[in-house]
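Undergrad: Let me give you the structure first, and then I'll get to my questions.
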Amino acid sequence: MKRIFILAVALLIAVPVFAQDAKRGWQVELKKLALDLTSTEVKNAKDYQAFSDARLTSDSQTTVRAGMDSMADYHAEHFLWSNELTLDYGRTKIRPVDGERLTNENADKILFTTGYTQRLWHVDDFLGGFEAGPFATLGYETEFTKPDLAPRTRILRAKAGAKLFEGKYIKSLYAAFVAERDFTYKPYATKSAWETGVKLELPVREGVAFKWDAMYRDYLDTTEKHPTDLDWEFETNARLDVQVYKNLFVAPFISYYTAQGKYVGPRGENVYIGVSFSFSHIFCEAK
């Protein structure tokens, strides 16, 4: 069985299939510039604590979350060079009726990724069409602000694997081996993992699209052990983009993240639900 698999892969690599109408040139795009904002201002709540109406007794609070996803990809005949910058930051400020003000970050991430994908195969008439091939990426992940009780995240991450990409519905579907150099905690650690992920985009009607992505990473080994090491992590995001006017969109969404620490009993979870107002723009389109 193993020999048959190796032979099939060798034949596919030896005889790549290219589509004549595949994209060529630069695609520079601001995929999403989004702002989520909610604010509740309650006055004289201390005088109404005996009342049952939560609108009079609740704490004042403000939640702000901003995100940006931009890309600059070069489409050549035999390869795709991709570059992506993702920014995500969220903060909640709570002003209790009686007590100190609290500020919590619910999102803080800066991720830059550059990668090379070999355009080996093109499928036209299956699942809306897609391309496929091996890929390798190099990325750097950090944060805007340093957490109060932990150092700032600093991770250099390399991936290599195979994926489907550039489809009408399948924007990305991959499996990869991951090597990380974690500079967050001393002594610095080199970690290995395997990862799989998917990005789908399904048109609902004109001006409305459902977008879903998910990622699962399972850590295999590390050169240094830290109490904060993860065994695995999983995240998924779903949103319904509704075009309001030209490049302006409103999108109800849900984001979910969970992870299991190697030396922690219960797994951690984070759920974020809201409505996002976003802007997108294509500066240069590959033809």
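Ordering of the structure tokens sets the chain letters (A, B, ...); residue numbers start at 1 within each chain; ligands are numbered from 1 in the order shown.
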Near segment 177-190 of chain A, within 6 Å and counting only C-alpha atoms, which residues show up once chain neighbours fewer than 2 positions away are dropped, as number ranges by chain?
TA: A: 153-160, 192-194, 222-224
Undergrad: Residues within 8 Å of Gly274 of chain A, please, as a list in words. Count only C-alpha atoms; anything in the same chain fewer than 3 positions from it doesn't count.
TA: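 Using only C-alpha atoms, the neighbours found are Asp36, Pro252, Phe253 and Ile254 of chain A.
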Undergrad: Give me a file of those residues, with C-alpha atoms, as an mmCIF file, in the first residue's frame.
TA:
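Here's the written file part_13.cif:
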data_model
loop_
_atom_site.group_PDB
_atom_site.id
_atom_site.type_symbol
_atom_site.label_atom_id
_atom_site.label_comp_id
_atom_site.auth_asym_id
_atom_site.auth_seq_id
_atom_site.Cartn_x
_atom_site.Cartn_y
_atom_site.Cartn_z
ATOM 1 C CA ASP A 36 -16.681 45.743 16.548
ATOM 2 C CA PRO A 252 -22.728 38.551 12.304
ATOM 3 C CA PHE A 253 -19.999 36.176 13.461
ATOM 4 C CA ILE A 254 -18.890 33.662 16.056
#
Undergrad: Pick the closest to Ala66 of chain A from A:Val97, A:Val42, A:Val198, A:Ile110: which is it, counting only C-alpha atoms?
TA: A:Ile110
Undergrad: Give me the residues within 12 Å of Gln49 of chain A as a PDB file with C-alpha atoms, in the first residue's frame, counting only C-alpha atoms and dropping any in the same chain fewer than 6 places off.
TA:
ATOM      1  CA  VAL A  42     -25.246  52.919  33.485  1.00  0.00           C
ATOM      2  CA  LYS A  43     -25.652  55.866  35.859  1.00  0.00           C
ATOM      3  CA  ARG A  55     -30.831  47.971  32.753  1.00  0.00           C
ATOM      4  CA  LEU A  56     -30.681  49.936  36.027  1.00  0.00           C
ATOM      5  CA  THR A  57     -28.384  47.682  38.049  1.00  0.00           C
ATOM      6  CA  SER A  58     -25.718  46.437  35.614  1.00  0.00           C
ATOM      7  CA  ASP A  59     -22.103  47.565  35.415  1.00  0.00           C
ATOM      8  CA  VAL A  97     -20.957  49.848  40.588  1.00  0.00           C
ATOM      9  CA  ASP A  98     -18.752  49.350  43.640  1.00  0.00           C
TER      10      ASP A  98
END
Undergrad: Atom CA of Gln27 of chain A to atom CA of Arg65 of chain A: how many Å, to one decimal?
TA: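 Spanning atom CA of Gln27 of chain A to atom CA of Arg65 of chain A is a straight-line distance of 27.2 Å.
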Undergrad: Which residues come within 9 Å of segment 79-92 of chain A, counting only C-alpha atoms, excluding same-chain residues fewer than 6 positions away, as a ChimeraX atom specification?
TA: /A:36,61-73,102-120,137,143-144
